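Shown next: protein13.pdb, containing PDB, C-alpha atoms (C1' of nucleotides).
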ATOM      1  CA  MET A  56     135.589 190.644  70.574
ATOM      2  CA  LEU A  57     133.725 189.391  67.537
ATOM      3  CA  PRO A  58     130.458 187.437  67.824
ATOM      4  CA  ILE A  59     130.658 183.660  68.218
ATOM      5  CA  GLN A  60     129.214 181.641  65.337
ATOM      6  CA  ILE A  61     127.723 178.197  65.947
ATOM      7  CA  ASP A  62     127.683 175.677  63.113
ATOM      8  CA  THR A  63     124.909 173.196  63.810
ATOM      9  CA  ASN A  64     126.177 170.984  60.982
ATOM     10  CA  SER A  65     129.616 170.661  62.535
ATOM     11  CA  PRO A  66     130.446 167.374  64.253
ATOM     12  CA  LEU A  67     132.297 169.419  66.867
ATOM     13  CA  LEU A  68     130.638 169.636  70.275
ATOM     14  CA  LEU A  69     129.083 172.997  71.107
ATOM     15  CA  TYR A  70     131.344 173.791  74.025
ATOM     16  CA  MET A  71     134.373 173.047  71.870
ATOM     17  CA  GLN A  72     133.144 175.282  69.063
ATOM     18  CA  VAL A  73     132.811 178.122  71.529
ATOM     19  CA  GLY A  74     136.188 177.380  73.105
ATOM     20  CA  ASN A  75     137.932 177.128  69.733
ATOM     21  CA  GLN A  76     136.567 180.442  68.568
ATOM     22  CA  LEU A  77     137.544 182.164  71.806
ATOM     23  CA  ILE A  78     141.065 180.814  71.449
ATOM     24  CA  GLU A  79     141.221 181.920  67.823
ATOM     25  CA  GLN A  80     140.105 185.416  68.730
ATOM     26  CA  ILE A  81     142.678 185.607  71.491
ATOM     27  CA  ALA A  82     145.388 184.416  69.104
ATOM     28  CA  LYS A  83     144.373 187.015  66.521
ATOM     29  CA  GLY A  84     144.128 189.806  69.055
ATOM     30  CA  HIS A  85     140.393 190.307  68.731
ATOM     31  CA  ILE A  86     140.261 189.546  72.408
ATOM     32  CA  GLN A  87     143.093 191.172  74.296
ATOM     33  CA  ASP A  88     145.077 190.464  77.422
ATOM     34  CA  ASP A  89     143.189 191.183  80.644
ATOM     35  CA  GLU A  90     140.000 191.684  78.645
ATOM     36  CA  MET A  91     136.844 190.663  80.476
ATOM     37  CA  LEU A  92     134.761 188.076  78.642
ATOM     38  CA  PRO A  93     130.954 188.409  78.517
ATOM     39  CA  SER A  94     129.095 186.775  81.380
ATOM     40  CA  ILE A  95     128.146 183.137  80.836
ATOM     41  CA  ARG A  96     124.505 184.187  80.722
ATOM     42  CA  ASN A  97     124.961 186.906  78.138
ATOM     43  CA  MET A  98     127.069 184.827  75.833
ATOM     44  CA  ALA A  99     124.677 181.885  76.102
ATOM     45  CA  GLN A 100     121.775 184.138  75.221
ATOM     46  CA  ASP A 101     123.592 185.809  72.336
ATOM     47  CA  ILE A 102     124.619 182.482  70.833
ATOM     48  CA  GLY A 103     121.325 180.801  71.578
ATOM     49  CA  ILE A 104     122.699 177.891  73.592
ATOM     50  CA  ASN A 105     122.486 176.866  77.215
ATOM     51  CA  ILE A 106     124.332 178.519  80.099
ATOM     52  CA  HIS A 107     125.987 175.265  81.035
ATOM     53  CA  THR A 108     127.499 174.827  77.634
ATOM     54  CA  VAL A 109     129.195 178.215  77.775
ATOM     55  CA  SER A 110     130.190 177.532  81.357
ATOM     56  CA  LYS A 111     131.939 174.371  80.233
ATOM     57  CA  SER A 112     133.765 176.269  77.489
ATOM     58  CA  TYR A 113     135.054 178.754  80.038
ATOM     59  CA  ARG A 114     136.105 176.031  82.454
ATOM     60  CA  GLU A 115     138.072 174.272  79.727
ATOM     61  CA  LEU A 116     139.891 177.497  78.885
ATOM     62  CA  GLU A 117     140.618 177.939  82.559
ATOM     63  CA  LYS A 118     142.061 174.415  82.736
ATOM     64  CA  LYS A 119     144.369 175.366  79.886
ATOM     65  CA  GLY A 120     145.540 178.407  81.798
ATOM     66  CA  ILE A 121     144.181 180.870  79.254
ATOM     67  CA  ILE A 122     141.541 182.618  81.329
ATOM     68  CA  LYS A 123     140.834 182.897  85.027
ATOM     69  CA  MET A 124     137.460 182.836  86.789
ATOM     70  CA  GLU A 125     137.571 184.010  90.342
ATOM     71  CA  ASN A 126     134.791 184.263  92.912
ATOM     72  CA  ARG A 127     131.870 184.693  90.573
ATOM     73  CA  LEU A 128     133.474 187.538  88.725
ATOM     74  CA  LYS A 129     133.392 187.540  84.970
ATOM     75  CA  ALA A 130     136.116 185.541  83.312
ATOM     76  CA  THR A 131     139.195 187.497  82.246
ATOM     77  CA  VAL A 132     141.902 186.609  79.753
ATOM     78  CA  ILE A 133     145.245 186.027  81.401
ATOM     79  CA  ALA A 134     148.038 188.090  79.892
ATOM     80  CA  ARG A 135     150.238 185.978  77.627
ATOM     81  CA  SER A 136     153.278 186.598  79.799
ATOM     82  CA  ASN A 137     151.475 185.410  82.917
ATOM     83  CA  ARG A 138     150.094 182.118  81.602
ATOM     84  CA  ARG A 139     151.150 179.130  83.660
ATOM     85  CA  LEU A 140     151.911 176.205  81.386
ATOM     86  CA  ASP A 141     150.455 172.868  82.435
ATOM     87  CA  GLU A 142     152.790 170.070  81.357
ATOM     88  CA  THR A 143     149.992 167.542  80.925
ATOM     89  CA  GLN A 144     147.947 169.917  78.800
ATOM     90  CA  LEU A 145     150.944 170.692  76.620
ATOM     91  CA  HIS A 146     151.664 167.006  76.132
ATOM     92  CA  HIS A 147     148.110 166.280  75.025
ATOM     93  CA  LEU A 148     148.218 169.248  72.710
ATOM     94  CA  GLU A 149     151.408 168.066  71.047
ATOM     95  CA  LEU A 150     149.900 164.611  70.634
ATOM     96  CA  SER A 151     146.795 166.104  69.039
ATOM     97  CA  ILE A 152     148.839 168.155  66.625
ATOM     98  CA  LYS A 153     150.912 165.117  65.699
ATOM     99  CA  ASN A 154     147.764 163.105  65.013
ATOM    100  CA  MET A 155     146.267 165.840  62.847
ATOM    101  CA  ILE A 156     149.458 166.197  60.811
ATOM    102  CA  MET A 157     149.764 162.456  60.305
ATOM    103  CA  GLU A 158     146.137 162.311  59.237
ATOM    104  CA  ALA A 159     146.563 165.153  56.782
ATOM    105  CA  TYR A 160     149.539 163.411  55.240
ATOM    106  CA  VAL A 161     147.772 160.069  54.999
ATOM    107  CA  MET A 162     144.703 161.712  53.484
ATOM    108  CA  GLY A 163     146.786 163.014  50.624
ATOM    109  CA  TYR A 164     148.340 166.332  51.603
ATOM    110  CA  SER A 165     152.000 166.632  50.694
ATOM    111  CA  LYS A 166     154.530 167.711  53.311
ATOM    112  CA  LYS A 167     154.916 170.962  51.447
ATOM    113  CA  GLN A 168     151.171 171.615  51.436
ATOM    114  CA  ILE A 169     151.007 170.976  55.165
ATOM    115  CA  LYS A 170     153.838 173.386  55.912
ATOM    116  CA  GLN A 171     152.261 176.014  53.682
ATOM    117  CA  TYR A 172     148.948 175.635  55.462
ATOM    118  CA  ILE A 173     150.581 175.965  58.889
ATOM    119  CA  THR A 174     152.374 179.091  57.713
ATOM    120  CA  LYS A 175     149.105 180.516  56.444
ATOM    121  CA  VAL A 176     147.448 179.900  59.807
ATOM    122  CA  LEU A 177     150.347 181.381  61.760
ATOM    123  CA  ASP A 178     150.270 184.482  59.578
ATOM    124  CA  GLN A 179     146.836 185.193  60.997
ATOM    125  CA  VAL A 180     147.958 185.358  64.615
ATOM    126  CA  GLN A 181     149.331 188.533  66.063
TER     127      GLN A 181
ATOM    128  CA  MET B 151     152.497 146.507  61.266
ATOM    129  CA  LEU B 152     153.499 147.194  64.837
ATOM    130  CA  PRO B 153     151.270 146.299  67.787
ATOM    131  CA  ILE B 154     148.676 148.838  68.915
ATOM    132  CA  GLN B 155     149.207 150.253  72.401
ATOM    133  CA  ILE B 156     146.244 151.358  74.486
ATOM    134  CA  ASP B 157     146.751 154.024  77.157
ATOM    135  CA  THR B 158     144.000 153.615  79.708
ATOM    136  CA  ASN B 159     145.000 156.898  81.330
ATOM    137  CA  SER B 160     144.505 158.858  78.123
ATOM    138  CA  PRO B 161     141.371 160.980  77.840
ATOM    139  CA  LEU B 162     141.174 159.925  74.183
ATOM    140  CA  LEU B 163     138.422 157.476  73.317
ATOM    141  CA  LEU B 164     139.573 153.938  72.606
ATOM    142  CA  TYR B 165     138.453 153.877  68.994
ATOM    143  CA  MET B 166     140.321 157.124  68.361
ATOM    144  CA  GLN B 167     143.487 155.807  69.973
ATOM    145  CA  VAL B 168     143.333 152.811  67.649
ATOM    146  CA  GLY B 169     142.550 154.979  64.623
ATOM    147  CA  ASN B 170     145.313 157.463  65.401
ATOM    148  CA  GLN B 171     147.894 154.738  65.730
ATOM    149  CA  LEU B 172     146.815 153.086  62.502
ATOM    150  CA  ILE B 173     147.101 156.418  60.702
ATOM    151  CA  GLU B 174     150.507 157.041  62.234
ATOM    152  CA  GLN B 175     151.745 153.629  61.153
ATOM    153  CA  ILE B 176     150.463 154.197  57.632
ATOM    154  CA  ALA B 177     152.163 157.587  57.518
ATOM    155  CA  LYS B 178     155.435 156.093  58.706
ATOM    156  CA  GLY B 179     155.245 153.163  56.347
ATOM    157  CA  HIS B 180     154.871 150.512  59.031
ATOM    158  CA  ILE B 181     151.617 149.649  57.309
ATOM    159  CA  GLN B 182     151.941 149.709  53.550
ATOM    160  CA  ASP B 183     149.680 150.373  50.595
ATOM    161  CA  ASP B 184     147.262 147.537  49.840
ATOM    162  CA  GLU B 185     148.233 145.863  53.082
ATOM    163  CA  MET B 186     145.451 143.871  54.703
ATOM    164  CA  LEU B 187     144.664 144.892  58.257
ATOM    165  CA  PRO B 188     144.011 142.261  60.941
ATOM    166  CA  SER B 189     140.398 141.177  61.275
ATOM    167  CA  ILE B 190     138.287 143.159  63.709
ATOM    168  CA  ARG B 191     138.120 140.128  65.952
ATOM    169  CA  ASN B 192     141.849 139.484  66.009
ATOM    170  CA  MET B 193     142.782 143.053  66.655
ATOM    171  CA  ALA B 194     140.180 143.392  69.388
ATOM    172  CA  GLN B 195     141.489 140.266  71.071
ATOM    173  CA  ASP B 196     145.134 141.310  70.758
ATOM    174  CA  ILE B 197     144.452 144.742  72.208
ATOM    175  CA  GLY B 198     141.998 143.479  74.797
ATOM    176  CA  ILE B 199     139.069 145.650  73.784
ATOM    177  CA  ASN B 200     135.680 144.997  72.237
ATOM    178  CA  ILE B 201     135.090 144.215  68.594
ATOM    179  CA  HIS B 202     132.661 147.099  68.315
ATOM    180  CA  THR B 203     135.402 149.504  69.254
ATOM    181  CA  VAL B 204     137.799 148.235  66.615
ATOM    182  CA  SER B 205     134.944 148.137  64.126
ATOM    183  CA  LYS B 206     134.311 151.805  64.746
ATOM    184  CA  SER B 207     137.985 152.625  64.277
ATOM    185  CA  TYR B 208     137.937 150.896  60.895
ATOM    186  CA  ARG B 209     134.713 152.602  59.829
ATOM    187  CA  GLU B 210     136.165 156.017  60.675
ATOM    188  CA  LEU B 211     139.234 155.280  58.574
ATOM    189  CA  GLU B 212     136.953 154.176  55.771
ATOM    190  CA  LYS B 213     135.002 157.449  56.002
ATOM    191  CA  LYS B 214     138.291 159.279  55.602
ATOM    192  CA  GLY B 215     139.055 157.299  52.463
ATOM    193  CA  ILE B 216     142.122 155.644  53.946
ATOM    194  CA  ILE B 217     141.002 152.020  53.974
ATOM    195  CA  LYS B 218     138.260 150.107  52.252
ATOM    196  CA  MET B 219     136.060 147.373  53.684
ATOM    197  CA  GLU B 220     134.166 145.429  51.080
ATOM    198  CA  ASN B 221     131.748 142.545  51.473
ATOM    199  CA  ARG B 222     133.063 141.042  54.644
ATOM    200  CA  LEU B 223     136.645 140.890  53.485
ATOM    201  CA  LYS B 224     139.371 142.144  55.744
ATOM    202  CA  ALA B 225     139.979 145.865  55.584
ATOM    203  CA  THR B 226     142.759 146.901  53.217
ATOM    204  CA  VAL B 227     144.743 150.114  53.052
ATOM    205  CA  ILE B 228     144.002 152.092  49.917
ATOM    206  CA  ALA B 229     147.119 152.969  47.946
ATOM    207  CA  ARG B 230     148.051 156.611  48.474
ATOM    208  CA  SER B 231     147.585 157.379  44.778
ATOM    209  CA  ASN B 232     144.087 155.917  44.754
ATOM    210  CA  ARG B 233     142.677 157.704  47.787
ATOM    211  CA  ARG B 234     139.519 159.614  46.959
ATOM    212  CA  LEU B 235     139.547 162.904  48.848
ATOM    213  CA  ASP B 236     136.297 163.814  50.567
ATOM    214  CA  GLU B 237     135.931 167.588  50.541
ATOM    215  CA  THR B 238     133.961 167.677  53.784
ATOM    216  CA  GLN B 239     136.516 165.530  55.577
ATOM    217  CA  LEU B 240     139.368 167.694  54.324
ATOM    218  CA  HIS B 241     137.583 170.842  55.466
ATOM    219  CA  HIS B 242     137.054 169.465  58.966
ATOM    220  CA  LEU B 243     140.657 168.356  59.086
ATOM    221  CA  GLU B 244     141.942 171.803  58.125
ATOM    222  CA  LEU B 245     139.698 173.338  60.757
ATOM    223  CA  SER B 246     141.030 170.941  63.396
ATOM    224  CA  ILE B 247     144.619 171.721  62.494
ATOM    225  CA  LYS B 248     143.919 175.427  62.633
ATOM    226  CA  ASN B 249     142.343 175.059  66.076
ATOM    227  CA  MET B 250     145.306 173.091  67.406
ATOM    228  CA  ILE B 251     147.805 175.626  66.080
ATOM    229  CA  MET B 252     145.874 178.554  67.531
ATOM    230  CA  GLU B 253     145.662 176.763  70.852
ATOM    231  CA  ALA B 254     149.371 176.030  70.878
ATOM    232  CA  TYR B 255     150.123 179.674  70.208
ATOM    233  CA  VAL B 256     147.735 180.925  72.863
ATOM    234  CA  MET B 257     149.126 178.465  75.383
ATOM    235  CA  GLY B 258     152.561 179.945  74.970
ATOM    236  CA  TYR B 259     154.359 178.290  72.074
ATOM    237  CA  SER B 260     156.116 180.714  69.767
ATOM    238  CA  LYS B 261     155.499 180.586  66.032
ATOM    239  CA  LYS B 262     159.020 179.318  65.591
ATOM    240  CA  GLN B 263     158.512 176.521  68.120
ATOM    241  CA  ILE B 264     155.326 175.458  66.366
ATOM    242  CA  LYS B 265     157.000 175.308  62.962
ATOM    243  CA  GLN B 266     159.903 173.372  64.430
ATOM    244  CA  TYR B 267     157.549 170.861  65.980
ATOM    245  CA  ILE B 268     155.634 170.398  62.712
ATOM    246  CA  THR B 269     158.916 169.837  60.896
ATOM    247  CA  LYS B 270     159.942 167.283  63.486
ATOM    248  CA  VAL B 271     156.674 165.404  63.028
ATOM    249  CA  LEU B 272     156.884 165.501  59.236
ATOM    250  CA  ASP B 273     160.430 164.145  59.367
ATOM    251  CA  GLN B 274     158.965 160.962  60.811
ATOM    252  CA  VAL B 275     156.686 160.224  57.859
ATOM    253  CA  GLN B 276     157.966 158.472  54.789
TER     254      GLN B 276
ATOM    255  C1'  DA C 271     127.481 119.524  55.212
ATOM    256  C1'  DT C 272     130.783 120.917  58.625
ATOM    257  C1'  DG C 273     133.901 124.022  60.796
ATOM    258  C1'  DA C 274     136.502 128.115  60.987
ATOM    259  C1'  DC C 275     136.627 132.387  59.638
ATOM    260  C1'  DT C 276     134.593 137.006  58.492
ATOM    261  C1'  DG C 277     131.611 141.589  59.653
ATOM    262  C1'  DT C 278     127.188 143.119  61.591
ATOM    263  C1'  DA C 279     123.136 143.739  64.691
ATOM    264  C1'  DG C 280     120.726 143.690  69.254
ATOM    265  C1'  DC C 281     120.773 144.634  73.899
ATOM    266  C1'  DA C 282     122.830 146.434  78.395
ATOM    267  C1'  DT C 283     125.656 149.677  80.868
ATOM    268  C1'  DA C 284     128.468 153.634  81.694
ATOM    269  C1'  DT C 285     129.952 158.058  80.450
ATOM    270  C1'  DC C 286     129.261 162.516  78.772
ATOM    271  C1'  DA C 287     126.928 166.641  76.434
ATOM    272  C1'  DT C 288     123.117 169.442  76.831
ATOM    273  C1'  DT C 289     119.063 171.288  78.780
ATOM    274  C1'  DT C 290     115.722 172.654  82.501
ATOM    275  C1'  DA C 291     114.898 174.128  87.023
ATOM    276  C1'  DA C 292     116.378 175.608  91.468
ATOM    277  C1'  DT C 293     119.852 177.748  94.712
ATOM    278  C1'  DA C 294     123.233 180.975  96.500
ATOM    279  C1'  DA C 295     126.369 184.718  96.246
ATOM    280  C1'  DA C 296     127.442 189.262  94.601
ATOM    281  C1'  DA C 297     126.453 193.780  92.507
ATOM    282  C1'  DT C 298     123.492 197.552  91.873
ATOM    283  C1'  DA C 299     119.609 200.655  92.673
ATOM    284  C1'  DA C 300     116.284 202.404  95.763
TER     285       DA C 300
ATOM    286  C1'  DT D 132     119.678 198.761 104.819
ATOM    287  C1'  DT D 133     116.479 196.729 101.773
ATOM    288  C1'  DA D 134     115.070 195.195  97.381
ATOM    289  C1'  DT D 135     115.966 193.976  92.759
ATOM    290  C1'  DT D 136     118.759 192.414  89.338
ATOM    291  C1'  DT D 137     122.668 189.779  87.724
ATOM    292  C1'  DT D 138     125.922 186.540  88.527
ATOM    293  C1'  DA D 139     127.840 181.511  88.877
ATOM    294  C1'  DT D 140     126.853 177.031  90.674
ATOM    295  C1'  DT D 141     124.374 172.834  91.957
ATOM    296  C1'  DA D 142     120.948 168.986  91.126
ATOM    297  C1'  DA D 143     118.429 166.394  88.311
ATOM    298  C1'  DA D 144     116.518 164.882  83.643
ATOM    299  C1'  DT D 145     117.232 163.743  78.932
ATOM    300  C1'  DG D 146     119.559 162.338  74.980
ATOM    301  C1'  DA D 147     123.517 160.698  72.533
ATOM    302  C1'  DT D 148     127.510 157.937  72.278
ATOM    303  C1'  DA D 149     131.275 154.587  73.639
ATOM    304  C1'  DT D 150     132.103 150.161  75.125
ATOM    305  C1'  DG D 151     131.095 145.458  76.249
ATOM    306  C1'  DC D 152     128.766 140.693  75.889
ATOM    307  C1'  DT D 153     126.119 137.771  73.033
ATOM    308  C1'  DA D 154     124.172 136.104  69.059
ATOM    309  C1'  DC D 155     123.418 136.118  64.079
ATOM    310  C1'  DA D 156     124.475 135.754  58.929
ATOM    311  C1'  DG D 157     127.530 135.378  55.113
ATOM    312  C1'  DT D 158     132.020 133.272  53.016
ATOM    313  C1'  DC D 159     135.326 129.861  52.174
ATOM    314  C1'  DA D 160     138.121 125.696  52.568
ATOM    315  C1'  DT D 161     137.862 120.959  53.610
TER     316       DT D 161
END
Taking this structure as input, can you express it in the form of structure tokens?
Amino acid sequence: MLPIQIDTNSPLLLYMQVGNQLIEQIAKGHIQDDEMLPSIRNMAQDIGINIHTVSKSYRELEKKGIIKMENRLKATVIARSNRRLDETQLHHLELSIKNMIMEAYVMGYSKKQIKQYITKVLDQVQ
Amino acid sequence: MLPIQIDTNSPLLLYMQVGNQLIEQIAKGHIQDDEMLPSIRNMAQDIGINIHTVSKSYRELEKKGIIKMENRLKATVIARSNRRLDETQLHHLELSIKNMIMEAYVMGYSKKQIKQYITKVLDQVQ
DNA sequence: ATGACTGTAGCATATCATTTAATAAAATAA
DNA sequence: TTATTTTATTAAATGATATGCTACAGTCAT
């Protein structure tokens, strides 16, 4: 996996920045199925943030069914084929996407621009 | 404009629920260019939430360049052609969209499903 | 001037993000 | 086995923010 970069100027919460970047790396294949993530301690030290913050990032990813953390073992990425889909999570995700798209349109993006941007993003995933 | 619906079970903050619905209504044309929004007080009373919360919703929309609030007059929707685009806001928005798309993919949506969903959402805007 | 309307500011409370410090379980080395 | 290190978790403290209640100050019509 690639190193996690924290942007202190970002309005995004720290644990979400970490979570987002982990998800992006999984989507792009920089973190692979069944790969073992760094320990909470190590990652916290590398990034320069608190253990709890990283812990929360991991727990959120676990809630989403992306990684599993069992009996104090390091977190591992669940293989794509084995991910259990949580209906509630999916619903919230769809709502979030809808809101973002609506906002982009209202802020001046054309429908075409939005579709092009989505395509560009999807071209980056494996 | 249509009435704003608050979902007390949603994990979304109240002021974001209000803001999201306003944006959605603007995108769909239920709120039109140059239309005057209800006063903070009225909307707060109608919805049953505090004026501060509605005030924050309006201020966030103003930051995004969607509405303007001048010298204690009611907030008005800026015409689409007159919206000034804030580079920082646009950058954060693109980042948010990217994160949502990556998350959808990692959680099991196929690229095709994601594109179909985006198309479905965009078909709802005017 | 009065009354009805507007947005804003101050204070209180609850929730949550983040950090610090302490605890307990597991893994590893001796 | 014992000791040391490494791990995640728990508890408590701090700070920031969301939300609510109340009061204030400006605007406008009458």
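The list of chain A residues within 10 Å of chain D is A:Ser94, A:Ile95, A:Arg96, A:Ile106, A:His107, A:Ser110, A:Met124, A:Asn126, A:Arg127, A:Leu128, A:Lys129; this uses all atoms listed in the file.
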Starting from the displayed file, determine the output of the PyMOL selection byres ((chain C) within 12 of (chain B)) and express the residue list as a PDB file with C-alpha atoms (C1' of nucleotides), keeping the file's coordinate frame.
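The resulting file, result_32.pdb, is shown below:
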ATOM      1  C1'  DC C 275     136.627 132.387  59.638  1.00  0.00           C
ATOM      2  C1'  DT C 276     134.593 137.006  58.492  1.00  0.00           C
ATOM      3  C1'  DG C 277     131.611 141.589  59.653  1.00  0.00           C
ATOM      4  C1'  DT C 278     127.188 143.119  61.591  1.00  0.00           C
ATOM      5  C1'  DA C 279     123.136 143.739  64.691  1.00  0.00           C
ATOM      6  C1'  DT C 285     129.952 158.058  80.450  1.00  0.00           C
ATOM      7  C1'  DC C 286     129.261 162.516  78.772  1.00  0.00           C
TER       8       DC C 286
END
Q: Please write the residues picked by the PyMOL selection byres ((chain A) within 10 of (chain B)) on this file as number ranges by chain.
A: A: 65-67, 72, 74-83, 116, 119-121, 135-141, 144-145, 147-167, 169-170, 172-181
Where's the centre, and what are the edge lengths in Å to one decimal, of a box along x, y and z enclosing all listed atoms of segment 183-189 of chain B padded 6 Å per side, as AutoDock Vina command-line options?
--center_x 145.0 --center_y 145.8 --center_z 55.6 --size_x 21.3 --size_y 21.2 --size_z 23.4
Q) For this file, the PyMOL selection byres ((chain A and resi 87) around 10) selects which residues, as a VMD selection string? A) chain A and resid 56 80 to 86 88 to 92 131 to 135
Q) Expressed in Å to a single decimal, how great is the separation between atom CA of Ala225 of chain B and atom CA of Gln155 of chain B? A)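 These two atoms are separated by 19.7 Å.
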Q) Could you state the separation of atom CA of Lys111 of chain A and atom CA of Leu68 of chain A in Å, given to one decimal place? A) 11.1 Å
Q. Please, what distance in Å, to one decimal, runs between atom CA of Thr158 of chain B and atom CA of Ala194 of chain B?
A.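 Separation of atom CA of Thr158 of chain B and atom CA of Ala194 of chain B: 15.0 Å.
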